[in-house]
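Have a look at protein.txt below; it lists compact mmCIF, C-alpha atoms (C1' of nucleotides).
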# COMPACT_ATOMS: atom_id res chain seq x y z
CA MET M 1 159.12 -37.31 -58.06
CA GLU M 2 156.67 -34.66 -59.15
CA ARG M 3 154.07 -35.23 -56.53
CA THR M 4 151.35 -32.98 -57.76
CA GLY M 5 148.81 -33.41 -55.05
CA PRO M 6 145.17 -32.58 -55.63
CA LEU M 7 145.27 -29.24 -57.42
CA PHE M 8 142.59 -26.56 -57.15
CA MET M 9 140.16 -29.01 -55.58
CA GLY M 10 139.87 -27.27 -52.23
CA GLY M 11 136.18 -27.02 -51.51
CA VAL M 12 135.17 -28.07 -55.01
CA PRO M 13 133.69 -31.46 -54.05
CA GLU M 14 131.48 -29.82 -51.46
CA LEU M 15 130.34 -27.15 -53.91
CA LEU M 16 129.48 -29.70 -56.58
CA VAL M 17 127.63 -32.01 -54.24
CA LEU M 18 125.56 -29.20 -52.78
CA ARG M 19 124.85 -27.83 -56.22
CA LEU M 20 123.58 -31.12 -57.58
CA LEU M 21 121.49 -31.80 -54.51
CA ALA M 22 119.93 -28.37 -54.82
CA GLN M 23 118.44 -29.57 -58.07
CA GLN M 24 117.04 -32.81 -56.79
CA GLN M 25 117.65 -35.42 -54.15
CA MET M 26 120.18 -38.09 -55.05
CA TYR M 27 122.06 -40.98 -53.53
CA GLY M 28 125.82 -41.20 -53.27
CA TYR M 29 126.57 -43.52 -56.13
CA GLU M 30 124.37 -41.40 -58.37
CA LEU M 31 126.27 -38.28 -57.35
CA VAL M 32 129.59 -39.85 -58.23
CA LYS M 33 128.42 -40.53 -61.75
CA ASN M 34 126.54 -37.30 -62.27
CA ILE M 35 129.43 -35.13 -61.15
CA ARG M 36 131.49 -36.60 -63.95
CA LEU M 37 128.71 -35.83 -66.35
CA VAL M 38 127.86 -32.27 -65.42
CA THR M 39 131.49 -31.21 -65.36
CA GLY M 40 132.00 -32.51 -68.86
CA GLU M 41 134.34 -35.24 -67.64
CA ALA M 42 136.63 -32.52 -66.29
CA ILE M 43 136.15 -33.49 -62.66
CA SER M 44 135.78 -36.98 -61.35
CA LEU M 45 135.26 -37.66 -57.66
CA GLY M 46 135.79 -41.10 -56.18
CA GLU M 47 133.54 -42.66 -53.59
CA GLY M 48 136.25 -42.09 -51.02
CA VAL M 49 135.59 -38.40 -51.47
CA VAL M 50 131.84 -38.32 -51.86
CA TYR M 51 130.67 -40.59 -49.06
CA PRO M 52 132.67 -39.03 -46.23
CA LEU M 53 131.63 -35.63 -47.54
CA LEU M 54 127.95 -36.57 -47.45
CA HIS M 55 128.29 -37.86 -43.91
CA GLY M 56 130.00 -34.69 -42.80
CA LEU M 57 127.41 -32.48 -44.43
CA GLU M 58 124.61 -34.45 -42.86
CA ARG M 59 126.19 -34.20 -39.45
CA SER M 60 126.62 -30.48 -39.82
CA GLY M 61 122.95 -30.16 -40.69
CA ALA M 62 123.36 -29.16 -44.33
CA LEU M 63 121.85 -32.35 -45.66
CA ARG M 64 118.99 -34.62 -44.71
CA ALA M 65 119.26 -38.36 -45.42
CA LYS M 66 116.45 -40.75 -46.30
CA ARG M 67 117.13 -44.46 -46.65
CA ARG M 68 115.05 -46.18 -49.28
CA ALA M 69 115.11 -49.72 -50.61
CA HIS M 70 115.38 -50.27 -54.33
CA ASN M 71 115.61 -53.70 -55.91
CA GLY M 72 116.97 -55.26 -52.77
CA ARG M 73 119.73 -52.65 -52.52
CA THR M 74 119.65 -49.80 -50.07
CA ARG M 75 119.95 -46.28 -51.35
CA VAL M 76 120.52 -43.26 -49.18
CA TYR M 77 118.93 -40.19 -50.67
CA TYR M 78 120.23 -36.80 -49.64
CA SER M 79 118.47 -33.48 -49.93
CA LEU M 80 119.37 -29.91 -48.94
CA THR M 81 118.17 -28.35 -45.73
CA ALA M 82 117.79 -24.60 -45.27
CA LYS M 83 121.24 -24.59 -43.75
CA GLY M 84 122.55 -26.44 -46.77
CA LYS M 85 121.10 -23.83 -49.09
CA LYS M 86 122.82 -21.08 -47.16
CA ARG M 87 126.04 -23.01 -47.27
CA LEU M 88 125.71 -23.46 -51.03
CA ALA M 89 125.07 -19.76 -51.54
CA ARG M 90 128.19 -18.99 -49.59
CA LEU M 91 130.32 -21.45 -51.51
CA GLU M 92 129.08 -20.10 -54.82
CA SER M 93 129.95 -16.59 -53.81
CA GLU M 94 133.36 -17.67 -52.56
CA TRP M 95 133.98 -19.54 -55.76
CA ALA M 96 133.05 -16.46 -57.79
CA ARG M 97 135.43 -14.34 -55.77
CA VAL M 98 138.44 -16.64 -55.93
CA SER M 99 137.78 -17.66 -59.49
CA SER M 100 137.55 -14.10 -60.72
CA GLY M 101 140.63 -13.16 -58.73
CA VAL M 102 142.70 -15.86 -60.38
CA GLN M 103 141.23 -15.02 -63.76
CA ALA M 104 142.20 -11.40 -63.26
CA ALA M 105 145.73 -12.36 -62.30
CA LEU M 106 146.13 -14.65 -65.28
CA GLY M 107 144.70 -12.11 -67.68
CA ASP M 108 145.84 -8.73 -66.45
CA ILE M 109 149.45 -9.64 -66.58
CA ALA M 110 149.24 -11.34 -69.93
CA HIS M 111 150.07 -8.16 -71.78
CA GLY M 112 152.24 -6.69 -69.02
CA MET H 1 130.64 -23.53 -35.43
CA GLU H 2 130.72 -22.70 -39.12
CA ARG H 3 134.25 -23.78 -39.76
CA THR H 4 134.79 -22.41 -43.19
CA GLY H 5 138.37 -23.33 -43.76
CA PRO H 6 140.29 -21.88 -46.67
CA LEU H 7 137.92 -22.33 -49.58
CA PHE H 8 138.99 -22.94 -53.15
CA MET H 9 142.56 -21.96 -52.37
CA GLY H 10 144.14 -25.35 -53.10
CA GLY H 11 147.08 -24.63 -55.35
CA VAL H 12 146.07 -21.03 -55.96
CA PRO H 13 148.94 -19.43 -54.05
CA GLU H 14 151.46 -21.45 -56.03
CA LEU H 15 149.80 -20.54 -59.32
CA LEU H 16 149.75 -16.84 -58.51
CA VAL H 17 153.33 -16.73 -57.31
CA LEU H 18 154.63 -18.55 -60.35
CA ARG H 19 152.55 -16.39 -62.65
CA LEU H 20 153.85 -13.13 -61.19
CA LEU H 21 157.43 -14.32 -61.21
CA ALA H 22 157.08 -15.33 -64.85
CA GLN H 23 156.62 -11.64 -65.60
CA GLN H 24 159.59 -10.38 -63.64
CA GLN H 25 161.69 -11.26 -60.66
CA MET H 26 160.37 -10.13 -57.32
CA TYR H 27 161.04 -10.47 -53.63
CA GLY H 28 158.62 -11.96 -51.14
CA TYR H 29 157.23 -8.83 -49.61
CA GLU H 30 156.64 -7.41 -53.05
CA LEU H 31 154.75 -10.53 -54.07
CA VAL H 32 152.47 -10.28 -51.08
CA LYS H 33 151.42 -6.79 -52.08
CA ASN H 34 151.23 -7.40 -55.79
CA ILE H 35 149.05 -10.46 -55.47
CA ARG H 36 146.47 -8.35 -53.75
CA LEU H 37 146.70 -5.87 -56.59
CA VAL H 38 146.55 -8.15 -59.60
CA THR H 39 143.63 -10.10 -58.20
CA GLY H 40 141.64 -6.93 -57.72
CA GLU H 41 141.71 -7.30 -53.94
CA ALA H 42 139.90 -10.61 -54.34
CA ILE H 43 142.79 -12.68 -53.03
CA SER H 44 145.14 -11.71 -50.28
CA LEU H 45 147.96 -13.99 -49.21
CA GLY H 46 149.77 -13.51 -45.91
CA GLU H 47 153.51 -13.83 -45.49
CA GLY H 48 152.95 -17.09 -43.67
CA VAL H 49 151.75 -18.46 -46.99
CA VAL H 50 154.13 -16.81 -49.41
CA TYR H 51 157.49 -17.31 -47.72
CA PRO H 52 157.19 -21.04 -47.06
CA LEU H 53 155.88 -21.43 -50.58
CA LEU H 54 158.88 -19.63 -52.05
CA HIS H 55 161.25 -21.78 -50.04
CA GLY H 56 159.54 -24.92 -51.18
CA LEU H 57 159.56 -23.88 -54.81
CA GLU H 58 163.22 -22.99 -54.61
CA ARG H 59 164.05 -26.32 -53.04
CA SER H 60 162.14 -28.16 -55.72
CA GLY H 61 164.10 -26.28 -58.37
CA ALA H 62 161.26 -24.20 -59.74
CA LEU H 63 162.71 -20.92 -58.52
CA ARG H 64 166.15 -19.38 -58.28
CA ALA H 65 166.92 -16.97 -55.43
CA LYS H 66 169.25 -14.00 -55.48
CA ARG H 67 169.95 -12.02 -52.32
CA ARG H 68 170.48 -8.33 -52.88
CA ALA H 69 170.96 -5.43 -50.47
CA HIS H 70 168.70 -2.41 -50.76
CA ASN H 71 168.86 0.52 -48.38
CA GLY H 72 170.36 -1.56 -45.65
CA ARG H 73 167.61 -4.16 -45.94
CA THR H 74 168.09 -7.51 -47.56
CA ARG H 75 165.80 -8.52 -50.35
CA VAL H 76 165.59 -11.99 -51.80
CA TYR H 77 164.67 -11.87 -55.45
CA TYR H 78 163.11 -14.95 -57.03
CA SER H 79 162.94 -15.82 -60.69
CA LEU H 80 161.56 -18.78 -62.64
CA THR H 81 163.78 -21.60 -63.81
CA ALA H 82 162.95 -23.79 -66.79
CA LYS H 83 161.42 -26.24 -64.38
CA GLY H 84 159.36 -23.46 -62.88
CA LYS H 85 158.00 -22.53 -66.27
CA LYS H 86 156.94 -26.08 -66.90
CA ARG H 87 155.31 -26.19 -63.51
CA LEU H 88 153.46 -22.98 -64.25
CA ALA H 89 152.21 -24.28 -67.57
CA ARG H 90 150.91 -27.35 -65.84
CA LEU H 91 149.16 -25.38 -63.12
CA GLU H 92 147.55 -23.11 -65.66
CA SER H 93 146.23 -26.06 -67.60
CA GLU H 94 144.96 -27.72 -64.42
CA TRP H 95 143.29 -24.51 -63.38
CA ALA H 96 141.60 -24.25 -66.75
CA ARG H 97 140.33 -27.79 -66.48
CA VAL H 98 138.95 -27.58 -62.96
CA SER H 99 137.67 -24.08 -63.41
CA SER H 100 135.77 -24.93 -66.56
CA GLY H 101 134.44 -28.07 -64.95
CA VAL H 102 132.98 -26.17 -62.04
CA GLN H 103 131.67 -23.49 -64.35
CA ALA H 104 129.96 -26.15 -66.43
CA ALA H 105 128.39 -27.68 -63.34
CA LEU H 106 127.15 -24.35 -62.05
CA GLY H 107 125.77 -23.33 -65.41
CA ASP H 108 124.49 -26.50 -67.04
CA ILE H 109 122.18 -27.28 -64.22
CA ALA H 110 120.87 -23.78 -63.86
CA HIS H 111 118.07 -24.46 -66.28
CA GLY H 112 117.33 -27.90 -64.95
C1' DT X 1 126.48 -73.46 -61.48
C1' DG X 2 130.14 -70.09 -61.37
C1' DC X 3 132.02 -65.82 -63.14
C1' DT X 4 132.13 -61.10 -64.06
C1' DG X 5 130.77 -56.44 -63.76
C1' DA X 6 127.71 -53.01 -62.30
C1' DT X 7 125.33 -51.25 -58.36
C1' DA X 8 125.60 -49.32 -53.65
C1' DC X 9 127.29 -48.66 -49.41
C1' DC X 10 131.35 -47.94 -46.16
C1' DT X 11 136.19 -46.79 -43.50
C1' DC X 12 141.06 -45.97 -42.74
C1' DG X 13 145.29 -43.53 -43.14
C1' DC X 14 148.36 -40.58 -45.74
C1' DA X 15 150.06 -36.45 -47.33
C1' DA X 16 149.52 -31.74 -48.64
C1' DT X 17 149.04 -27.20 -47.42
C1' DA X 18 146.79 -22.59 -46.35
C1' DC X 19 146.80 -19.87 -42.55
C1' DG X 20 147.38 -17.19 -38.23
C1' DA X 21 150.33 -16.01 -34.78
C1' DG X 22 154.45 -14.77 -33.42
C1' DG X 23 159.36 -13.35 -33.94
C1' DT X 24 163.61 -10.31 -35.64
C1' DA X 25 165.58 -6.15 -37.59
C1' DT X 26 166.11 -1.67 -40.20
C1' DA X 27 164.59 2.85 -42.19
C1' DT X 28 161.44 6.70 -42.11
C1' DA X 29 158.06 10.04 -40.48
C1' DG X 30 155.92 12.51 -36.78
C1' DC V 1 161.52 8.22 -29.32
C1' DT V 2 157.76 6.13 -31.10
C1' DA V 3 154.96 4.23 -34.52
C1' DT V 4 154.65 2.54 -39.17
C1' DA V 5 156.30 0.41 -43.18
C1' DT V 6 159.65 -2.56 -44.95
C1' DA V 7 161.56 -7.26 -45.20
C1' DC V 8 162.67 -11.50 -43.72
C1' DC V 9 161.48 -15.94 -41.10
C1' DT V 10 159.22 -20.41 -38.52
C1' DC V 11 156.00 -23.20 -36.00
C1' DG V 12 151.70 -25.64 -35.18
C1' DT V 13 147.15 -26.69 -36.36
C1' DA V 14 143.38 -28.15 -38.78
C1' DT V 15 141.32 -29.38 -42.98
C1' DT V 16 140.57 -32.39 -46.53
C1' DG V 17 141.05 -34.76 -51.03
C1' DC V 18 142.23 -39.20 -52.30
C1' DG V 19 143.53 -44.08 -53.04
C1' DA V 20 143.08 -48.48 -51.35
C1' DG V 21 140.51 -51.74 -49.51
C1' DG V 22 136.19 -53.97 -47.76
C1' DT V 23 131.08 -55.86 -47.90
C1' DA V 24 126.90 -57.22 -50.29
C1' DT V 25 123.34 -57.55 -53.96
C1' DC V 26 121.78 -58.24 -58.68
C1' DA V 27 122.02 -59.08 -63.82
C1' DG V 28 124.04 -61.42 -67.59
C1' DC V 29 126.60 -65.07 -69.57
C1' DA V 30 128.93 -69.39 -70.42

Can the structure in the file be given as structure tokens, please?
Amino acid sequence: MERTGPLFMGGVPELLVLRLLAQQQMYGYELVKNIRLVTGEAISLGEGVVYPLLHGLERSGALRAKRRAHNGRTRVYYSLTAKGKKRLARLESEWARVSSGVQAALGDIAHG
Amino acid sequence: MERTGPLFMGGVPELLVLRLLAQQQMYGYELVKNIRLVTGEAISLGEGVVYPLLHGLERSGALRAKRRAHNGRTRVYYSLTAKGKKRLARLESEWARVSSGVQAALGDIAHG
DNA sequence: TGCTGATACCTCGCAATACGAGGTATATAG
DNA sequence: CTATATACCTCGTATTGCGAGGTATCAGCA
């Protein structure tokens, strides 16, 4: 039955979203597409991941939302707050730590 | 409230455990200590993570367990089965994919 | 006119699972 | 005789990624 579950994605969506928004404000649908792009097609997040995440981050004060109309459709643009920047810095540092730890484990033993 | 939750650890414990056991058989307590070592202190898994994981992997057929007495204490040695090796290969490939995707996202954008 | 597909937003519920806390028991060192 | 290290274990909680499903607008095409 090989249920694989989402592997190695713990915290990754949040990191990616914050990282992209640190560059420039974007709306949800745009994020979904851009995440695929900037990860070289390696990571693809559905809207069921991105939208709830954006709402949570806004509620926690990491993001600020601005509704804007565009061609009759409504877009919700998100941008980083100071708190969001701190959060991003923390996630990046955590990612570096875990990532290097795994890398070390995979490498060090290779010749053991 | 800063609820950080376990960040970037999704699937990592399983990867590390399988990787170490691919080198040589080990018992749980030994794994707990060695994981700290091989990750350069970057990652530290408690027994509450490792033991349930070992049981799950054994039940799914990825690991084989051998009980052995040592100085009056009982040690349970685990080793990889063929299924476990396949599972490890898959996790390593998944890790490479996600890891490189995140890396790309963090880097590519750096220069705008 | 009607159809499709892209755009753009949203929610619900499931299923993993990492983790701390707590529990048992033996050997060793002070 | 006490504390520490060894060595095993389970339970409960909280998080969260994800698919599936839902609404509405707009552009293009037959």

Would you superpose chain H on chain M, least squares on all C-alpha atoms in order, and hand back the fitted chain as a tab-separated table (two decimals) with C-alpha atoms, keeping the file's coordinate frame?
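Contents of part.tsv, freshly written:
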chain	number	residue	atom	x	y	z
H	1	MET	CA	159.33	-36.79	-57.68
H	2	GLU	CA	156.75	-34.43	-59.12
H	3	ARG	CA	154.28	-34.68	-56.31
H	4	THR	CA	151.32	-32.97	-57.82
H	5	GLY	CA	148.80	-33.38	-55.09
H	6	PRO	CA	145.15	-32.62	-55.71
H	7	LEU	CA	145.25	-29.28	-57.48
H	8	PHE	CA	142.58	-26.62	-57.19
H	9	MET	CA	140.16	-29.06	-55.60
H	10	GLY	CA	139.88	-27.30	-52.23
H	11	GLY	CA	136.19	-27.05	-51.53
H	12	VAL	CA	135.18	-28.10	-55.02
H	13	PRO	CA	133.70	-31.47	-54.07
H	14	GLU	CA	131.49	-29.82	-51.47
H	15	LEU	CA	130.35	-27.17	-53.92
H	16	LEU	CA	129.47	-29.71	-56.59
H	17	VAL	CA	127.63	-32.02	-54.23
H	18	LEU	CA	125.57	-29.22	-52.77
H	19	ARG	CA	124.84	-27.82	-56.20
H	20	LEU	CA	123.58	-31.13	-57.57
H	21	LEU	CA	121.48	-31.82	-54.50
H	22	ALA	CA	119.93	-28.37	-54.78
H	23	GLN	CA	118.41	-29.57	-58.05
H	24	GLN	CA	117.02	-32.83	-56.76
H	25	GLN	CA	117.66	-35.43	-54.14
H	26	MET	CA	120.17	-38.09	-55.02
H	27	TYR	CA	122.04	-40.98	-53.50
H	28	GLY	CA	125.80	-41.21	-53.25
H	29	TYR	CA	126.52	-43.51	-56.12
H	30	GLU	CA	124.34	-41.41	-58.36
H	31	LEU	CA	126.23	-38.28	-57.36
H	32	VAL	CA	129.54	-39.86	-58.23
H	33	LYS	CA	128.37	-40.54	-61.76
H	34	ASN	CA	126.51	-37.31	-62.27
H	35	ILE	CA	129.39	-35.14	-61.18
H	36	ARG	CA	131.45	-36.61	-63.94
H	37	LEU	CA	128.65	-35.82	-66.35
H	38	VAL	CA	127.81	-32.26	-65.40
H	39	THR	CA	131.44	-31.23	-65.35
H	40	GLY	CA	131.94	-32.52	-68.86
H	41	GLU	CA	134.30	-35.25	-67.66
H	42	ALA	CA	136.58	-32.53	-66.32
H	43	ILE	CA	136.11	-33.52	-62.70
H	44	SER	CA	135.74	-37.00	-61.38
H	45	LEU	CA	135.25	-37.67	-57.69
H	46	GLY	CA	135.77	-41.12	-56.20
H	47	GLU	CA	133.50	-42.66	-53.60
H	48	GLY	CA	136.22	-42.13	-51.03
H	49	VAL	CA	135.59	-38.42	-51.48
H	50	VAL	CA	131.83	-38.32	-51.86
H	51	TYR	CA	130.66	-40.60	-49.06
H	52	PRO	CA	132.68	-39.03	-46.24
H	53	LEU	CA	131.63	-35.64	-47.55
H	54	LEU	CA	127.96	-36.58	-47.45
H	55	HIS	CA	128.30	-37.86	-43.92
H	56	GLY	CA	130.00	-34.71	-42.82
H	57	LEU	CA	127.42	-32.48	-44.44
H	58	GLU	CA	124.62	-34.46	-42.86
H	59	ARG	CA	126.23	-34.22	-39.46
H	60	SER	CA	126.66	-30.49	-39.83
H	61	GLY	CA	122.98	-30.18	-40.69
H	62	ALA	CA	123.38	-29.17	-44.31
H	63	LEU	CA	121.86	-32.37	-45.66
H	64	ARG	CA	118.99	-34.63	-44.70
H	65	ALA	CA	119.25	-38.37	-45.41
H	66	LYS	CA	116.46	-40.75	-46.28
H	67	ARG	CA	117.12	-44.47	-46.64
H	68	ARG	CA	115.02	-46.18	-49.26
H	69	ALA	CA	115.03	-49.73	-50.63
H	70	HIS	CA	115.32	-50.26	-54.36
H	71	ASN	CA	115.53	-53.68	-55.95
H	72	GLY	CA	116.89	-55.23	-52.83
H	73	ARG	CA	119.64	-52.62	-52.57
H	74	THR	CA	119.59	-49.80	-50.10
H	75	ARG	CA	119.91	-46.28	-51.36
H	76	VAL	CA	120.50	-43.27	-49.17
H	77	TYR	CA	118.91	-40.20	-50.67
H	78	TYR	CA	120.22	-36.79	-49.62
H	79	SER	CA	118.47	-33.47	-49.91
H	80	LEU	CA	119.39	-29.91	-48.94
H	81	THR	CA	118.18	-28.35	-45.72
H	82	ALA	CA	117.80	-24.61	-45.24
H	83	LYS	CA	121.25	-24.60	-43.73
H	84	GLY	CA	122.56	-26.45	-46.75
H	85	LYS	CA	121.14	-23.84	-49.07
H	86	LYS	CA	122.84	-21.10	-47.14
H	87	ARG	CA	126.07	-23.03	-47.26
H	88	LEU	CA	125.72	-23.47	-50.99
H	89	ALA	CA	125.10	-19.78	-51.53
H	90	ARG	CA	128.21	-19.01	-49.57
H	91	LEU	CA	130.34	-21.48	-51.50
H	92	GLU	CA	129.10	-20.13	-54.79
H	93	SER	CA	129.97	-16.60	-53.79
H	94	GLU	CA	133.40	-17.69	-52.55
H	95	TRP	CA	134.00	-19.56	-55.77
H	96	ALA	CA	133.07	-16.49	-57.76
H	97	ARG	CA	135.46	-14.36	-55.77
H	98	VAL	CA	138.47	-16.66	-55.95
H	99	SER	CA	137.79	-17.68	-59.49
H	100	SER	CA	137.56	-14.12	-60.72
H	101	GLY	CA	140.64	-13.20	-58.76
H	102	VAL	CA	142.70	-15.89	-60.41
H	103	GLN	CA	141.23	-15.05	-63.78
H	104	ALA	CA	142.19	-11.42	-63.27
H	105	ALA	CA	145.73	-12.40	-62.33
H	106	LEU	CA	146.13	-14.68	-65.32
H	107	GLY	CA	144.70	-12.13	-67.71
H	108	ASP	CA	145.82	-8.74	-66.45
H	109	ILE	CA	149.44	-9.63	-66.59
H	110	ALA	CA	149.26	-11.27	-69.97
H	111	HIS	CA	150.04	-8.02	-71.70
H	112	GLY	CA	152.65	-6.95	-69.22

### Query
Which residues come within 7 Å of stretch 4-16 of chain V, counting all atoms listed in the file, excluding same-chain residues fewer than 5 positions away, as a count of residues only?
5

### Query
If you measure from atom CA of M:Gly11 to atom CA of H:Ser100, what distance in Å do you get, rounded to one decimal?
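Atom-to-atom, atom CA of M:Gly11 and atom CA of H:Ser100 are spaced 15.2 Å apart.
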
### Query
With distances taken over all atoms listed in the file, which of M:Ala82, M:Leu18, M:Val50, M:Ala42 is nearest to chain H?
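When distances to chain H are compared using all atoms listed in the file, the smallest one comes from M:Ala42.
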
### Message
Could you list, as a list in words, every residue within 12 Å of X:DT1, counting all atoms listed in the file and ignoring same-chain residues fewer than 2 positions away?
### Response
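So the residues in contact are DC3 of chain X; DC29 and DA30 of chain V.
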
### Query
Quick one: of M:Asn71, M:Gln103, M:Thr39, M:Ser93, who's nearest to chain V, counting only C-alpha atoms (C1' of nucleotides)?
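Smallest separation from chain V among the options: M:Asn71.
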
### Close residues, H:Gly101 itself excluded, 8 Å, all atoms listed in the file, min 2 positions apart in chain, as a PyMOL selection string
(chain M and resi 38-43) or (chain H and resi 97-99+103-105)

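Near chain M, counting all atoms listed in the file at 9 Å, the chain X residues are DT7, DA8, DC9, DC10, DT11, DA15 and DA16 of chain X.
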
### Message
If we count all atoms listed in the file and set the cut-off at 12 Å, which residues sit around V:DG28, ignoring sequence neighbours fewer than 5 positions away in its own chain? Please answer as a list in words.
### Response
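Returned residues: DC3, DT4, DG5 and DA6 of chain X.
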
Write a file of the just-selected residues containing C-alpha atoms (C1' of nucleotides), as a PDB file, in the frame of the given file.
ATOM      1  C1'  DC X   3     132.020 -65.820 -63.140  1.00  0.00           C
ATOM      2  C1'  DT X   4     132.130 -61.100 -64.060  1.00  0.00           C
ATOM      3  C1'  DG X   5     130.770 -56.440 -63.760  1.00  0.00           C
ATOM      4  C1'  DA X   6     127.710 -53.010 -62.300  1.00  0.00           C
TER       5       DA X   6
END

### Task
Find the distance between atom CA of M:Met9 and atom CA of M:Leu21 and write it in Å to one decimal.
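Value for the atom CA of M:Met9-atom CA of M:Leu21 distance: 18.9 Å.
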
### Query
Can you list, as a VMD selection string, every protein, DNA or RNA residue that comes within 12 Å of M:Thr81 when you count all atoms listed in the file, leaving out same-chain residues fewer than 3 positions away?
chain M and resid 18 21 to 22 24 to 25 57 to 65 78 84 to 88

### Query
Which is closer to chain H than all the others in M:Val49, M:Leu16, M:Val32, M:Ala89, using all atoms listed in the file?
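Of the candidates, the smallest distance to chain H is held by M:Leu16.
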
Axis-aligned box for all listed atoms of stretch 55-63 of chain H, 5 Å per side, centre and edges in Å to one decimal, as JSON:
{"center_x": 161.8, "center_y": -24.5, "center_z": -54.9, "size_x": 14.6, "size_y": 17.2, "size_z": 19.7}

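Atom pair atom CA of H:Ser79 / atom CA of H:Gly56 has a distance of 13.6 Å (rounded to one decimal).
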
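Each of M:Leu80, M:Met26, M:Leu53, M:Leu15 was compared to chain V using only C-alpha atoms (C1' of nucleotides), and M:Leu53 turns out to be the nearest.
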
Residues of chain V at most 8 Å from chain M: nearest atom pair and distance in Å, all atoms listed in the file, as a tab-separated table:
residue	atom	partner	partner_atom	distance
V:DT16	C1'	M:Gly10	CA	7.7
V:DG17	C1'	M:Pro6	CA	6.5
V:DC18	C1'	M:Val49	CA	6.7
V:DG19	C1'	M:Gly48	CA	7.8
V:DT25	C1'	M:Arg73	CA	6.3

Mind completing stretch 63-74 of chain H with N, CA and C atoms? Output as an mmCIF file, keeping the file's coordinate frame, please?
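After the write, result.cif holds the following:
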data_model
loop_
_atom_site.group_PDB
_atom_site.id
_atom_site.type_symbol
_atom_site.label_atom_id
_atom_site.label_comp_id
_atom_site.auth_asym_id
_atom_site.auth_seq_id
_atom_site.Cartn_x
_atom_site.Cartn_y
_atom_site.Cartn_z
ATOM 1 N N LEU H 63 162.297 -22.319 -58.655
ATOM 2 C CA LEU H 63 162.710 -20.920 -58.520
ATOM 3 C C LEU H 63 164.208 -20.820 -58.228
ATOM 4 N N ARG H 64 164.772 -19.683 -58.627
ATOM 5 C CA ARG H 64 166.150 -19.380 -58.280
ATOM 6 C C ARG H 64 166.134 -18.113 -57.446
ATOM 7 N N ALA H 65 166.907 -18.101 -56.360
ATOM 8 C CA ALA H 65 166.920 -16.970 -55.430
ATOM 9 C C ALA H 65 168.223 -16.191 -55.541
ATOM 10 N N LYS H 66 168.082 -14.864 -55.462
ATOM 11 C CA LYS H 66 169.250 -14.000 -55.480
ATOM 12 C C LYS H 66 169.108 -12.980 -54.355
ATOM 13 N N ARG H 67 170.018 -12.997 -53.411
ATOM 14 C CA ARG H 67 169.950 -12.020 -52.320
ATOM 15 C C ARG H 67 170.590 -10.716 -52.788
ATOM 16 N N ARG H 68 169.931 -9.607 -52.489
ATOM 17 C CA ARG H 68 170.480 -8.330 -52.880
ATOM 18 C C ARG H 68 170.190 -7.312 -51.767
ATOM 19 N N ALA H 69 171.160 -6.440 -51.502
ATOM 20 C CA ALA H 69 170.960 -5.430 -50.470
ATOM 21 C C ALA H 69 170.288 -4.200 -51.075
ATOM 22 N N HIS H 70 169.388 -3.608 -50.287
ATOM 23 C CA HIS H 70 168.700 -2.410 -50.760
ATOM 24 C C HIS H 70 168.394 -1.531 -49.563
ATOM 25 N N ASN H 71 169.095 -0.395 -49.495
ATOM 26 C CA ASN H 71 168.860 0.520 -48.380
ATOM 27 C C ASN H 71 169.068 -0.144 -47.018
ATOM 28 N N GLY H 72 170.078 -0.948 -46.931
ATOM 29 C CA GLY H 72 170.360 -1.560 -45.650
ATOM 30 C C GLY H 72 169.500 -2.761 -45.327
ATOM 31 N N ARG H 73 168.442 -2.964 -46.136
ATOM 32 C CA ARG H 73 167.610 -4.160 -45.940
ATOM 33 C C ARG H 73 167.982 -5.205 -46.982
ATOM 34 N N THR H 74 167.786 -6.434 -46.615
ATOM 35 C CA THR H 74 168.090 -7.510 -47.560
ATOM 36 C C THR H 74 166.821 -7.962 -48.281
#
